[in-house]
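Okay, upload_35.tsv is below, TSV, C-alpha atoms and all ligand atoms:
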```tsv
chain	number	residue	atom	x	y	z
J	13	MET	CA	-2.08	13.51	-3.98
J	14	ASP	CA	-0.99	11.35	-6.88
J	15	ILE	CA	-2.14	7.72	-6.61
J	16	SER	CA	1.24	6.44	-7.81
J	17	TYR	CA	2.99	8.48	-5.11
J	18	ILE	CA	0.62	7.17	-2.43
J	19	ILE	CA	1.11	3.58	-3.47
J	20	ASN	CA	4.87	3.65	-4.07
J	21	GLU	CA	6.18	6.14	-1.55
J	22	LEU	CA	3.85	7.67	1.00
J	23	GLY	CA	4.59	6.53	4.57
J	24	GLU	CA	7.76	4.69	3.59
J	25	ASP	CA	10.83	5.85	5.43
J	26	ARG	CA	13.40	3.65	3.72
J	27	GLU	CA	16.44	5.25	5.31
J	28	ASN	CA	15.18	3.89	8.60
J	29	TYR	CA	15.38	0.34	7.35
J	30	PHE	CA	18.63	-0.09	5.43
J	31	ASN	CA	17.15	1.47	2.24
J	32	ALA	CA	15.25	-1.73	1.66
J	33	VAL	CA	12.73	-1.34	-1.16
J	34	ALA	CA	10.14	-3.46	0.63
J	35	PRO	CA	9.15	-2.27	4.10
J	36	PRO	CA	9.98	-4.48	7.08
J	37	ILE	CA	7.44	-6.53	8.99
J	38	ILE	CA	7.86	-5.22	12.52
J	39	GLN	CA	6.56	-8.39	14.11
J	40	THR	CA	6.67	-7.29	17.72
J	41	SER	CA	4.10	-7.15	20.47
J	42	ASN	CA	5.73	-4.35	22.51
J	43	PHE	CA	8.20	-1.48	22.35
J	44	ILE	CA	11.03	-0.52	24.74
J	45	PHE	CA	11.47	2.85	26.51
J	46	ASN	CA	14.72	4.37	27.75
J	47	THR	CA	13.19	6.38	30.54
J	48	VAL	CA	10.20	6.21	32.84
J	49	ALA	CA	9.23	9.67	31.59
J	50	ASP	CA	9.01	8.38	27.98
J	51	MET	CA	6.98	5.42	29.13
J	52	ARG	CA	4.65	7.69	31.10
J	53	SER	CA	3.97	9.90	28.11
J	54	ALA	CA	3.35	6.86	25.86
J	55	LEU	CA	0.85	5.47	28.37
J	56	GLN	CA	-0.91	8.82	28.38
J	57	ASP	CA	-1.19	9.03	24.60
J	58	GLU	CA	-0.95	5.71	22.83
J	59	TYR	CA	-2.26	7.23	19.60
J	60	SER	CA	0.95	9.18	19.01
J	61	THR	CA	3.52	6.55	19.83
J	62	TYR	CA	4.55	2.91	19.76
J	63	LEU	CA	3.76	1.14	23.03
J	64	TYR	CA	2.03	-2.13	22.25
J	65	SER	CA	1.03	-3.58	18.86
J	66	ARG	CA	-2.67	-3.92	19.71
J	67	GLY	CA	-2.51	-0.16	19.26
J	68	LYS	CA	0.12	1.31	16.95
J	69	ASN	CA	2.68	-0.65	14.93
J	70	PRO	CA	5.14	0.76	12.35
J	71	THR	CA	4.29	-1.68	9.53
J	72	VAL	CA	0.59	-1.06	10.07
J	73	ASP	CA	1.26	2.69	10.11
J	74	ILE	CA	2.83	2.64	6.63
J	75	LEU	CA	-0.27	0.90	5.33
J	76	ALA	CA	-2.67	3.19	7.21
J	77	LYS	CA	-1.05	6.33	5.77
J	78	LYS	CA	-1.54	5.01	2.25
J	79	LEU	CA	-5.10	3.82	2.80
J	80	ALA	CA	-6.19	7.10	4.39
J	81	ALA	CA	-4.67	9.10	1.53
J	82	LEU	CA	-6.37	6.88	-1.06
J	83	ASP	CA	-9.68	7.53	0.70
J	84	GLY	CA	-9.02	11.28	0.77
J	85	ALA	CA	-9.35	11.03	4.55
J	86	GLU	CA	-7.30	12.53	7.36
J	87	ASP	CA	-6.69	9.18	9.03
J	88	CYS	CA	-7.72	5.55	9.12
J	89	LEU	CA	-7.57	2.39	11.18
J	90	VAL	CA	-6.80	-1.03	9.73
J	91	PHE	CA	-8.63	-3.97	11.27
J	92	ASN	CA	-8.22	-7.71	11.22
J	93	SER	CA	-11.45	-7.95	9.18
J	94	GLY	CA	-14.00	-5.79	7.43
J	95	ALA	CA	-16.56	-7.05	9.93
J	96	ALA	CA	-14.45	-5.64	12.81
J	97	ALA	CA	-14.26	-2.26	11.05
J	98	ILE	CA	-18.07	-2.25	10.77
J	99	PHE	CA	-18.49	-3.23	14.42
J	100	ALA	CA	-16.11	-0.55	15.71
J	101	ALA	CA	-17.52	2.20	13.47
J	102	VAL	CA	-21.10	1.56	14.56
J	103	LEU	CA	-20.39	0.87	18.23
J	104	ALA	CA	-18.37	4.08	18.53
J	105	ASN	CA	-21.35	6.14	17.42
J	106	VAL	CA	-24.34	4.79	19.33
J	107	LYS	CA	-25.52	4.59	22.92
J	108	SER	CA	-28.55	3.04	24.56
J	109	GLY	CA	-31.76	4.61	23.26
J	110	ASP	CA	-30.30	5.60	19.90
J	111	HIS	CA	-31.85	4.82	16.54
J	112	ILE	CA	-30.02	3.80	13.36
J	113	ILE	CA	-31.25	4.05	9.77
J	114	SER	CA	-29.65	1.35	7.62
J	115	VAL	CA	-30.05	0.47	3.97
J	116	LYS	CA	-31.93	-2.79	3.59
J	117	GLU	CA	-29.89	-5.96	3.05
J	118	PRO	CA	-26.52	-4.56	4.10
J	119	TYR	CA	-23.58	-6.96	4.40
J	120	ALA	CA	-24.75	-10.04	6.33
J	121	TRP	CA	-22.71	-9.40	9.49
J	122	ALA	CA	-23.72	-5.73	9.60
J	123	ASN	CA	-27.29	-6.96	9.38
J	124	LYS	CA	-26.72	-9.38	12.25
J	125	MET	CA	-25.26	-6.61	14.39
J	126	PHE	CA	-28.31	-4.41	13.78
J	127	THR	CA	-30.92	-7.15	14.27
J	128	GLU	CA	-29.40	-9.36	16.98
J	129	ILE	CA	-26.66	-7.62	18.93
J	130	LEU	CA	-27.55	-3.93	19.20
J	131	PRO	CA	-31.18	-4.45	20.31
J	132	ARG	CA	-29.77	-6.12	23.46
J	133	PHE	CA	-28.29	-2.73	24.33
J	134	GLY	CA	-31.34	-0.66	23.49
J	135	VAL	CA	-30.23	0.45	20.04
J	136	THR	CA	-32.83	-0.03	17.31
J	137	THR	CA	-32.49	-0.01	13.53
J	138	THR	CA	-34.92	0.80	10.74
J	139	PHE	CA	-34.07	-0.73	7.36
J	140	ILE	CA	-35.06	1.27	4.31
J	141	ASP	CA	-34.81	1.22	0.54
J	142	GLY	CA	-31.86	3.59	0.19
J	143	THR	CA	-32.40	4.28	-3.50
J	144	ASP	CA	-34.91	7.02	-2.57
J	145	ILE	CA	-33.63	9.89	-0.40
J	146	ASN	CA	-37.16	10.54	0.90
J	147	ASN	CA	-37.04	7.23	2.75
J	148	PHE	CA	-34.28	8.59	5.00
J	149	GLU	CA	-36.37	11.61	5.87
J	150	ALA	CA	-39.38	9.39	6.60
J	151	ALA	CA	-37.43	6.98	8.80
J	152	LYS	CA	-35.71	9.67	10.89
J	153	THR	CA	-36.82	9.96	14.52
J	154	ASN	CA	-35.59	12.39	17.18
J	155	THR	CA	-33.19	9.70	18.45
J	156	THR	CA	-31.58	8.90	15.07
J	157	THR	CA	-27.80	9.27	15.47
J	158	LEU	CA	-26.47	7.11	12.67
J	159	ILE	CA	-27.10	6.36	8.99
J	160	TYR	CA	-25.51	3.17	7.65
J	161	LEU	CA	-24.98	2.90	3.90
J	162	GLU	CA	-23.56	0.38	1.46
J	163	SER	CA	-23.20	1.72	-2.04
J	164	PRO	CA	-23.33	-0.19	-4.27
J	165	ASN	CA	-24.77	-3.24	-2.52
J	166	SER	CA	-22.62	-6.25	-3.40
J	167	TRP	CA	-25.51	-8.36	-4.80
J	168	SER	CA	-28.15	-5.99	-6.18
J	169	TYR	CA	-25.81	-2.99	-6.67
J	170	ALA	CA	-28.53	-0.72	-5.23
J	171	LEU	CA	-26.94	2.72	-4.73
J	172	GLN	CA	-27.53	5.65	-2.43
J	173	ASP	CA	-26.99	9.26	-3.41
J	174	LEU	CA	-24.06	9.76	-1.03
J	175	LYS	CA	-23.75	13.51	-1.44
J	176	ALA	CA	-27.45	14.15	-0.84
J	177	ILE	CA	-27.60	11.82	2.16
J	178	ALA	CA	-24.46	13.37	3.68
J	179	ALA	CA	-26.05	16.82	3.34
J	180	PHE	CA	-29.31	15.62	4.92
J	181	ALA	CA	-27.45	13.91	7.80
J	182	GLY	CA	-25.29	16.98	8.37
J	183	GLN	CA	-28.37	19.14	8.91
J	184	HIS	CA	-29.55	16.78	11.66
J	185	ASN	CA	-26.22	15.98	13.35
J	186	ILE	CA	-26.41	12.38	12.20
J	187	ILE	CA	-23.18	10.44	11.58
J	188	THR	CA	-22.93	8.68	8.22
J	189	ILE	CA	-21.03	5.44	7.55
J	190	CYS	CA	-20.62	3.93	4.08
J	191	ASP	CA	-19.42	0.44	3.21
J	192	ASN	CA	-17.30	1.06	0.11
J	193	SER	CA	-16.08	-2.52	-0.43
J	194	TYR	CA	-17.51	-2.80	-3.94
J	195	CYS	CA	-15.65	0.21	-5.36
J	196	THR	CA	-12.56	0.60	-3.16
J	197	SER	CA	-11.18	4.12	-2.95
J	198	ILE	CA	-9.90	3.76	-6.52
J	199	TYR	CA	-13.46	3.95	-7.92
J	200	GLN	CA	-15.34	5.89	-5.22
J	201	ARG	CA	-14.40	8.17	-2.32
J	202	PRO	CA	-17.35	8.58	0.07
J	203	ILE	CA	-15.40	10.94	2.38
J	204	GLU	CA	-14.99	13.42	-0.48
J	205	LEU	CA	-18.77	13.27	-0.99
J	206	GLY	CA	-19.32	14.29	2.64
J	207	ILE	CA	-19.71	10.89	4.32
J	208	ASP	CA	-18.18	10.81	7.84
J	209	LEU	CA	-16.76	7.30	7.90
J	210	SER	CA	-15.87	5.15	4.91
J	211	LEU	CA	-15.10	1.47	5.41
J	212	GLN	CA	-14.03	-1.41	3.24
J	213	SER	CA	-13.31	-5.07	3.48
J	214	ALA	CA	-9.63	-5.06	2.49
J	215	THR	CA	-9.97	-8.83	2.13
J	216	LYS	CA	-11.38	-8.18	-1.33
J	217	TYR	CA	-9.48	-6.00	-3.83
J	218	ILE	CA	-6.82	-4.49	-1.57
J	219	SER	CA	-5.39	-7.85	-0.54
J	220	GLY	CA	-6.24	-9.06	-4.02
J	221	HIS	CA	-4.71	-12.51	-3.63
J	222	SER	CA	-7.30	-14.34	-1.51
J	223	ASP	CA	-4.87	-14.82	1.35
J	224	THR	CA	-5.70	-12.18	4.00
J	225	ILE	CA	-8.72	-11.02	5.97
J	226	ALA	CA	-8.69	-7.29	6.75
J	227	GLY	CA	-10.75	-4.12	6.96
J	228	VAL	CA	-10.22	-0.35	6.70
J	229	LEU	CA	-12.06	2.49	8.43
J	230	SER	CA	-11.35	6.08	7.34
J	231	GLY	CA	-12.51	9.43	8.64
J	232	SER	CA	-11.45	12.66	10.33
J	233	SER	CA	-8.44	12.57	12.68
J	234	LYS	CA	-10.71	13.49	15.55
J	235	MET	CA	-13.12	10.61	14.91
J	236	ILE	CA	-10.37	8.09	14.16
J	237	GLU	CA	-8.39	9.03	17.29
J	238	ARG	CA	-11.53	8.63	19.39
J	239	ILE	CA	-12.24	5.18	17.92
J	240	PHE	CA	-8.58	4.17	18.33
J	241	LYS	CA	-8.64	5.08	22.02
J	242	SER	CA	-11.83	3.13	22.70
J	243	GLU	CA	-13.28	0.50	20.34
J	244	TYR	CA	-10.14	-0.27	18.30
J	245	ASN	CA	-7.98	-1.03	21.32
J	246	ASN	CA	-10.81	-2.55	23.30
J	247	ILE	CA	-12.10	-4.96	20.67
J	248	GLY	CA	-8.42	-5.75	20.02
J	249	SER	CA	-8.99	-6.53	16.38
J	250	GLY	CA	-6.30	-4.41	14.78
J	251	ILE	CA	-4.49	-5.97	11.83
J	252	GLN	CA	-1.36	-8.01	12.55
J	253	PRO	CA	1.97	-6.74	11.09
J	254	PHE	CA	2.39	-9.64	8.68
J	255	ASN	CA	-1.11	-9.20	7.29
J	256	ALA	CA	-0.51	-5.45	6.98
J	257	TRP	CA	2.59	-6.27	4.94
J	258	LEU	CA	0.52	-8.52	2.65
J	259	LEU	CA	-1.88	-5.63	2.11
J	260	LEU	CA	1.02	-3.28	1.29
J	261	ARG	CA	2.11	-5.80	-1.28
J	262	GLY	CA	-1.44	-6.06	-2.65
J	263	LEU	CA	-1.75	-2.27	-2.84
J	264	ARG	CA	1.21	-1.98	-5.24
J	265	THR	CA	-0.86	-3.55	-8.01
J	266	LEU	CA	-4.36	-2.46	-6.99
J	267	PRO	CA	-4.97	0.04	-9.83
J	268	LEU	CA	-3.48	-2.37	-12.37
J	269	ARG	CA	-5.63	-5.26	-11.21
J	270	LEU	CA	-8.78	-3.14	-11.22
J	271	GLU	CA	-7.99	-2.00	-14.76
J	272	LYS	CA	-7.70	-5.58	-15.99
J	273	ILE	CA	-10.79	-6.73	-14.07
J	274	THR	CA	-12.80	-3.78	-15.39
J	275	ALA	CA	-11.95	-4.63	-18.99
J	276	SER	CA	-12.72	-8.35	-18.55
J	277	THR	CA	-15.93	-7.62	-16.66
J	278	ASN	CA	-17.22	-5.58	-19.59
J	279	THR	CA	-16.37	-8.35	-22.06
J	280	VAL	CA	-18.06	-11.01	-19.93
J	281	LEU	CA	-21.04	-8.68	-19.37
J	282	THR	CA	-21.57	-8.30	-23.14
J	283	TYR	CA	-21.42	-12.07	-23.53
J	284	LEU	CA	-23.92	-12.70	-20.71
J	285	LYS	CA	-26.37	-10.12	-22.08
J	286	SER	CA	-26.39	-11.92	-25.43
J	287	ASN	CA	-26.97	-15.34	-23.86
J	288	LYS	CA	-30.54	-16.65	-24.24
J	289	LYS	CA	-30.28	-18.76	-21.08
J	290	VAL	CA	-29.86	-15.60	-19.01
J	291	GLU	CA	-33.08	-13.80	-18.08
J	292	ASP	CA	-31.56	-10.73	-16.44
J	293	VAL	CA	-28.17	-9.14	-15.87
J	294	PHE	CA	-27.34	-6.60	-13.15
J	295	PHE	CA	-24.29	-4.32	-13.32
J	296	PRO	CA	-24.20	-0.70	-12.07
J	297	PHE	CA	-22.65	0.83	-15.21
J	298	ASP	CA	-24.88	-1.11	-17.63
J	299	ASP	CA	-27.39	0.80	-19.77
J	300	THR	CA	-30.25	-1.29	-18.39
J	301	PHE	CA	-29.35	-0.57	-14.74
J	302	PRO	CA	-32.00	1.70	-13.16
J	303	GLN	CA	-29.45	3.79	-11.24
J	304	GLN	CA	-26.81	3.95	-13.97
J	305	LYS	CA	-26.87	7.76	-13.99
J	306	LEU	CA	-26.18	8.06	-10.26
J	307	ALA	CA	-23.54	5.33	-10.52
J	308	LYS	CA	-21.69	7.31	-13.18
J	309	GLN	CA	-22.02	10.47	-11.11
J	310	GLN	CA	-20.44	9.21	-7.90
J	311	MET	CA	-18.28	6.30	-9.06
J	312	SER	CA	-15.44	6.64	-11.55
J	313	SER	CA	-15.89	3.04	-12.73
J	314	ALA	CA	-17.42	-0.32	-11.85
J	315	CYS	CA	-16.06	-3.83	-12.11
J	316	GLY	CA	-15.76	-7.35	-10.83
J	317	LEU	CA	-19.20	-8.44	-9.78
J	318	ILE	CA	-22.05	-9.28	-12.16
J	319	THR	CA	-25.35	-10.74	-10.97
J	320	ILE	CA	-27.42	-12.82	-13.37
J	321	ILE	CA	-30.80	-14.58	-13.22
J	322	LEU	CA	-30.91	-17.91	-15.02
J	323	ARG	CA	-34.00	-18.80	-17.07
J	324	ASP	CA	-33.80	-22.40	-15.88
J	325	ILE	CA	-36.24	-22.65	-12.96
J	326	ASP	CA	-35.12	-26.09	-11.77
J	327	LEU	CA	-32.74	-26.41	-8.86
J	328	PRO	CA	-30.82	-29.34	-10.45
J	329	GLY	CA	-30.24	-27.17	-13.57
J	330	ILE	CA	-28.90	-24.27	-11.53
J	331	GLU	CA	-26.68	-26.57	-9.50
J	332	LYS	CA	-25.45	-28.27	-12.68
J	333	PHE	CA	-24.50	-24.90	-14.16
J	334	CYS	CA	-22.48	-23.89	-11.08
J	335	GLU	CA	-20.77	-27.25	-10.80
J	336	GLY	CA	-20.12	-27.37	-14.56
J	337	LEU	CA	-17.83	-24.36	-14.36
J	338	LYS	CA	-14.15	-25.28	-14.19
J	339	HIS	CA	-12.49	-21.88	-13.84
J	340	PHE	CA	-15.15	-19.99	-11.88
J	341	LYS	CA	-14.75	-21.57	-8.45
J	342	LEU	CA	-17.73	-22.10	-6.18
J	343	ALA	CA	-16.79	-19.95	-3.17
J	344	VAL	CA	-17.80	-16.89	-1.15
J	345	SER	CA	-15.85	-13.60	-1.24
J	346	TRP	CA	-14.32	-11.82	-4.26
J	347	GLY	CA	-11.52	-9.41	-5.14
J	348	GLY	CA	-8.81	-12.07	-5.54
J	349	TYR	CA	-7.02	-13.32	-8.65
J	350	GLU	CA	-9.47	-16.16	-9.23
J	351	SER	CA	-12.96	-15.93	-10.70
J	352	LEU	CA	-15.80	-17.08	-8.48
J	353	ILE	CA	-19.47	-17.92	-8.51
J	354	ILE	CA	-21.97	-17.91	-5.67
J	355	PRO	CA	-25.59	-18.96	-6.23
J	356	ARG	CA	-28.36	-17.49	-4.09
J	357	CYS	CA	-29.88	-20.98	-3.87
J	358	ALA	CA	-26.90	-22.04	-1.70
J	359	GLY	CA	-28.47	-19.91	1.03
J	360	VAL	CA	-31.92	-21.49	0.60
J	361	THR	CA	-32.83	-24.96	1.91
J	362	THR	CA	-33.79	-27.35	-0.89
J	363	ASN	CA	-37.32	-27.57	0.59
J	364	ASN	CA	-37.74	-23.81	0.42
J	365	PHE	CA	-36.36	-23.41	-3.08
J	366	ASN	CA	-38.91	-21.98	-5.50
J	367	GLY	CA	-37.76	-21.47	-9.09
J	368	LEU	CA	-40.64	-19.07	-9.69
J	369	ILE	CA	-38.97	-16.60	-7.29
J	370	LYS	CA	-36.43	-14.74	-9.41
J	371	GLU	CA	-34.03	-14.23	-6.48
J	372	HIS	CA	-33.67	-17.98	-6.03
J	373	ARG	CA	-32.26	-18.19	-9.57
J	374	MET	CA	-29.72	-15.46	-8.91
J	375	LEU	CA	-26.02	-16.12	-9.38
J	376	ARG	CA	-23.22	-13.71	-8.61
J	377	LEU	CA	-20.11	-13.95	-10.74
J	378	TYR	CA	-16.79	-12.43	-9.77
J	379	ILE	CA	-14.43	-11.77	-12.64
J	380	GLY	CA	-10.82	-12.33	-11.58
J	381	LEU	CA	-7.52	-11.82	-13.36
J	382	GLU	CA	-7.91	-14.55	-15.96
J	383	ASP	CA	-8.35	-13.59	-19.61
J	384	ALA	CA	-11.95	-12.86	-20.57
J	385	ALA	CA	-11.94	-15.43	-23.42
J	386	TYR	CA	-10.83	-18.16	-21.00
J	387	LEU	CA	-13.74	-17.29	-18.69
J	388	ILE	CA	-16.33	-17.00	-21.49
J	389	ASN	CA	-15.26	-20.42	-22.73
J	390	ASP	CA	-15.91	-21.81	-19.28
J	391	LEU	CA	-19.36	-20.19	-19.16
J	392	GLU	CA	-20.20	-21.51	-22.66
J	393	THR	CA	-19.49	-25.08	-21.57
J	394	ALA	CA	-21.57	-24.78	-18.40
J	395	PHE	CA	-24.49	-23.12	-20.25
J	396	ALA	CA	-24.45	-25.86	-22.89
J	397	ALA	CA	-25.26	-28.43	-20.19
J	398	ILE	CA	-28.48	-26.73	-19.03
J	399	THR	CA	-31.77	-25.73	-20.63
W	1	LIG	C1	-16.68	-9.07	2.67
W	1	LIG	C2	-17.48	-7.88	2.99
W	1	LIG	C3	-17.47	-7.31	4.28
W	1	LIG	C4	-16.75	-7.93	5.46
W	1	LIG	O1	-15.41	-8.00	5.30
W	1	LIG	P1	-14.50	-9.15	5.96
W	1	LIG	O2	-13.14	-8.72	5.59
W	1	LIG	O3	-14.92	-10.43	5.32
W	1	LIG	O4	-14.76	-9.17	7.42
W	1	LIG	C5	-18.19	-6.16	4.48
W	1	LIG	N1	-18.92	-5.60	3.50
W	1	LIG	C6	-18.96	-6.13	2.27
W	1	LIG	C7	-19.79	-5.46	1.23
W	1	LIG	C8	-18.25	-7.28	1.97
W	1	LIG	O5	-18.33	-7.82	0.75
```
Output the structure of this file as structure tokens.
Amino acid sequence: MDISYIINELGEDRENYFNAVAPPIIQTSNFIFNTVADMRSALQDEYSTYLYSRGKNPTVDILAKKLAALDGAEDCLVFNSGAAAIFAAVLANVKSGDHIISVKEPYAWANKMFTEILPRFGVTTTFIDGTDINNFEAAKTNTTTLIYLESPNSWSYALQDLKAIAAFAGQHNIITICDNSYCTSIYQRPIELGIDLSLQSATKYISGHSDTIAGVLSGSSKMIERIFKSEYNNIGSGIQPFNAWLLLRGLRTLPLRLEKITASTNTVLTYLKSNKKVEDVFFPFDDTFPQQKLAKQQMSSACGLITIILRDIDLPGIEKFCEGLKHFKLAVSWGGYESLIIPRCAGVTTNNFNGLIKEHRMLRLYIGLEDAAYLINDLETAFAAIT
């Protein structure tokens, strides 16, 4: 299906809403039935009808049709956060006694689920370096039911060979989940590579304007219907109609925004690589990136996030650099219009900071929609103030 068709038309039934170009926000909690028989059948199968907006809602449906098609998936669910999508996807596929293999250092709240919540219910997780397929084989036990992936990782950009892992998991009846937030379905489609469930934080590029928290979970109709009828409705964390409408609005310009961000990211990357105050630069499509070949194989492009290591080993210098930036704002998240910076040292207590540890000098830049020259100027000024 053509991306332009998906974004501009798919799921939109304009004759049903006065031929309005923009879809309506059906801000309702419940839906009315004319007969008891209709109500009875809706109660029996909430997946196929409108009953109550914790389940299905027309505005959310328009969005879900588009997001599933973009993922090359049969169906999807849209959540009120990426974290909720992760929680539902994992919870729906484990029971007491099961074992999960996860890539090391997945998204922080996925990590917390694996290390703090699931063990309380008898589900254990082994974290592995996912860059080597052999590690999956080695970690597998006879109770492994789930493999959790995040490719690329949003700090180190470590990748997993999605096709190979999907094939391995398929042989052993193991469900695979991949966090695709870095790429979005515009740059990578895990489902098409054989992954069972693909999820994204829609808060990032899909919303694109730093004003909505949301998440997407895509997969087969069978799997999605099962999750809808249990975890989705039970956790009660489906997206609200207004937020779904904001995502529809964000989607209209998603490819355009990614195009601009990709171009600017490359310009800023070239600048950072030439800067003597930068010790190391990490970017999946860069020639120096150890998994560049795999990145180019399974992703159609890369953009937005660049991780650098400053040469300055003093905490005050690193802090001065971050605070010296005027246009790169000091904030978590990414994917919006505004450029951002987040230093690893913000997650380390000042007592524990050690400039000799490379990781402590790590900074992650997000390149927003500003012009590259405007951003490079900002970086120049901040670099000039440190050694
Ligand atoms: C932000 C993020 C999430 C969580 O999404 P929320 O919308 O913030 O709940 C999950 N995975 C990755 C890689 C993220 O960056």
For range 274-312 of chain J against range 332-351 of chain J, with a cut-off of 12 Å and counting all atoms listed in the file, what is the closest atom pair and its distance in Å to one decimal for every residue that makes the cut, ordered by chain and number, as JSON lines?
```
{"residue": "J:Thr274", "atom": "CA", "partner": "J:Gly347", "partner_atom": "CA", "distance": 11.8}
{"residue": "J:Ser276", "atom": "CA", "partner": "J:Ser351", "partner_atom": "CA", "distance": 10.9}
{"residue": "J:Thr277", "atom": "CA", "partner": "J:Ser351", "partner_atom": "CA", "distance": 10.6}
{"residue": "J:Val280", "atom": "CA", "partner": "J:Ser351", "partner_atom": "CA", "distance": 11.6}
{"residue": "J:Lys289", "atom": "CA", "partner": "J:Phe333", "partner_atom": "CA", "distance": 10.9}
{"residue": "J:Val290", "atom": "CA", "partner": "J:Phe333", "partner_atom": "CA", "distance": 11.8}
```
**Shell around Tyr244 in chain J at 10 Å using all atoms listed in the file, local window under 2 positions removed, as an MDAnalysis selection string** = chainID J and resid 66:67 89:91 96:97 99:101 104 236:242 246:250
**Request:** Using only C-alpha atoms and all ligand atoms, determine which residues fall within 7 Å of ligand LIG 1 (chain W), then list them as a list in words.
**Result:**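 Selection of residues at most 7 Å from ligand LIG 1 (chain W): Ser93, Gly94, Ala95, Ala96, Tyr119, Glu162, Asn165, Ser166, Asp191, Ser193, Tyr194, Gln212, Ser213, Ala214, Thr215, Lys216, Ile225, Ala226, Gly227 and Ser345 of chain J.
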**Asked** Taking into account all atoms listed in the file, which residue in the set J:Leu352, J:Leu82, J:Leu281, J:Ala120 is nearest to Ser222 in chain J?
**Response** J:Leu352
Adding 4 Å on each side of the box along x, y and z that holds all listed atoms of range 126-140 of chain J, could you give its centre and edge lengths in Å to one decimal, as lines of an AutoDock Vina configuration file?
```
center_x = -30.9
center_y = -4.0
center_z = 14.3
size_x = 16.4
size_y = 18.6
size_z = 28.0
```
**Request:** With a distance cut-off of 12 Å and all atoms listed in the file, select the neighbouring residues of Arg376 in chain J, excluding the residue or stretch itself and same-chain residues fewer than 2 positions from it, and output the selection as a PyMOL selection string.
**Result:** chain J and resi 166-169+292-295+316-322+334+340-346+351-358+371-374+378-379
**Prompt:** CA of Ile251 in chain J and CA of Leu158 in chain J are how many Å apart?
**Reply:**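 One can read the CA of Ile251 in chain J to CA of Leu158 in chain J distance as 25.6 Å.
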**Between CA of Ile15 in chain J and CA of Pro36 in chain J - distance in Å to one decimal** =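 Result for CA of Pro36 in chain J versus CA of Ile15 in chain J: 22.0 Å, one decimal.
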**Request:** Kindly give the distance, in Å, that separates CA of Thr157 in chain J and CA of Ile186 in chain J, rounded to a single decimal.
**Result:**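 Going from CA of Thr157 in chain J over to CA of Ile186 in chain J, I get 4.7 Å.
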**Message:** Would you pick out the contacts of Glu86 in chain J at 10 Å or less, using all atoms listed in the file, so that residues sharing its chain but fewer than 3 positions from it are not included, and give the list as JSON, numbers by chain?
**Reply:** {"J": [77, 80, 81, 83, 203, 230, 231, 232, 233, 234, 235, 236]}
Output the selection as a PDB file, in the frame of the given file - C-alpha atoms for each residue.
```pdb
ATOM      1  CA  LYS J  77      -1.050   6.330   5.770  1.00  0.00           C
ATOM      2  CA  ALA J  80      -6.190   7.100   4.390  1.00  0.00           C
ATOM      3  CA  ALA J  81      -4.670   9.100   1.530  1.00  0.00           C
ATOM      4  CA  ASP J  83      -9.680   7.530   0.700  1.00  0.00           C
ATOM      5  CA  ILE J 203     -15.400  10.940   2.380  1.00  0.00           C
ATOM      6  CA  SER J 230     -11.350   6.080   7.340  1.00  0.00           C
ATOM      7  CA  GLY J 231     -12.510   9.430   8.640  1.00  0.00           C
ATOM      8  CA  SER J 232     -11.450  12.660  10.330  1.00  0.00           C
ATOM      9  CA  SER J 233      -8.440  12.570  12.680  1.00  0.00           C
ATOM     10  CA  LYS J 234     -10.710  13.490  15.550  1.00  0.00           C
ATOM     11  CA  MET J 235     -13.120  10.610  14.910  1.00  0.00           C
ATOM     12  CA  ILE J 236     -10.370   8.090  14.160  1.00  0.00           C
TER      13      ILE J 236
END
```
**Prompt:** Which protein, DNA or RNA residues are at most 7 Å from (1.6, -1.7, 10.1) in the file's coordinates when you count only C-alpha atoms, listed as a list of chain:residue names?
**Reply:**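 Here is the list of nearby residues: J:Asn69, J:Pro70, J:Thr71, J:Val72, J:Asp73, J:Ile74, J:Leu75, J:Pro253, J:Ala256, J:Trp257.
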**Message:** My list of candidates is J:Leu381, J:Leu161, J:Ile38, J:Ala54. Which is closest to Cys315 in chain J when distances are computed with all atoms listed in the file?
**Reply:** J:Leu381
**Message:** Set the distance at 6 Å and use only C-alpha atoms: which residues neighbour Thr155 in chain J once local chain neighbours fewer than 2 positions away are removed? I'd like the list as number ranges by chain.
**Reply:** J: 110-111, 153
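Minimum atom-to-atom distance to Ala396 in chain J, evaluated using only C-alpha atoms, belongs to J:Asn287 out of J:Asn42, J:Asn28, J:Asn287, J:Asn146.
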**Nearest to Asn366 in chain J, chosen from J:Ile325, J:Ala85, J:Ile398, J:Ala384, with all atoms listed in the file counted in the distances** =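 Ranked by minimum distance to Asn366 in chain J, first place goes to J:Ile325.
Shortest atom-to-atom contact with Ile187 in chain J among J:Thr279, J:Leu259, J:Thr127, J:Leu209: J:Leu209, counting all atoms listed in the file.
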**Message:** Restricting the calculation to only C-alpha atoms: of J:Leu174, J:Ala32, J:Ala385, J:Leu263, which residue gets closest to Gln310 in chain J?
**Reply:** J:Leu174
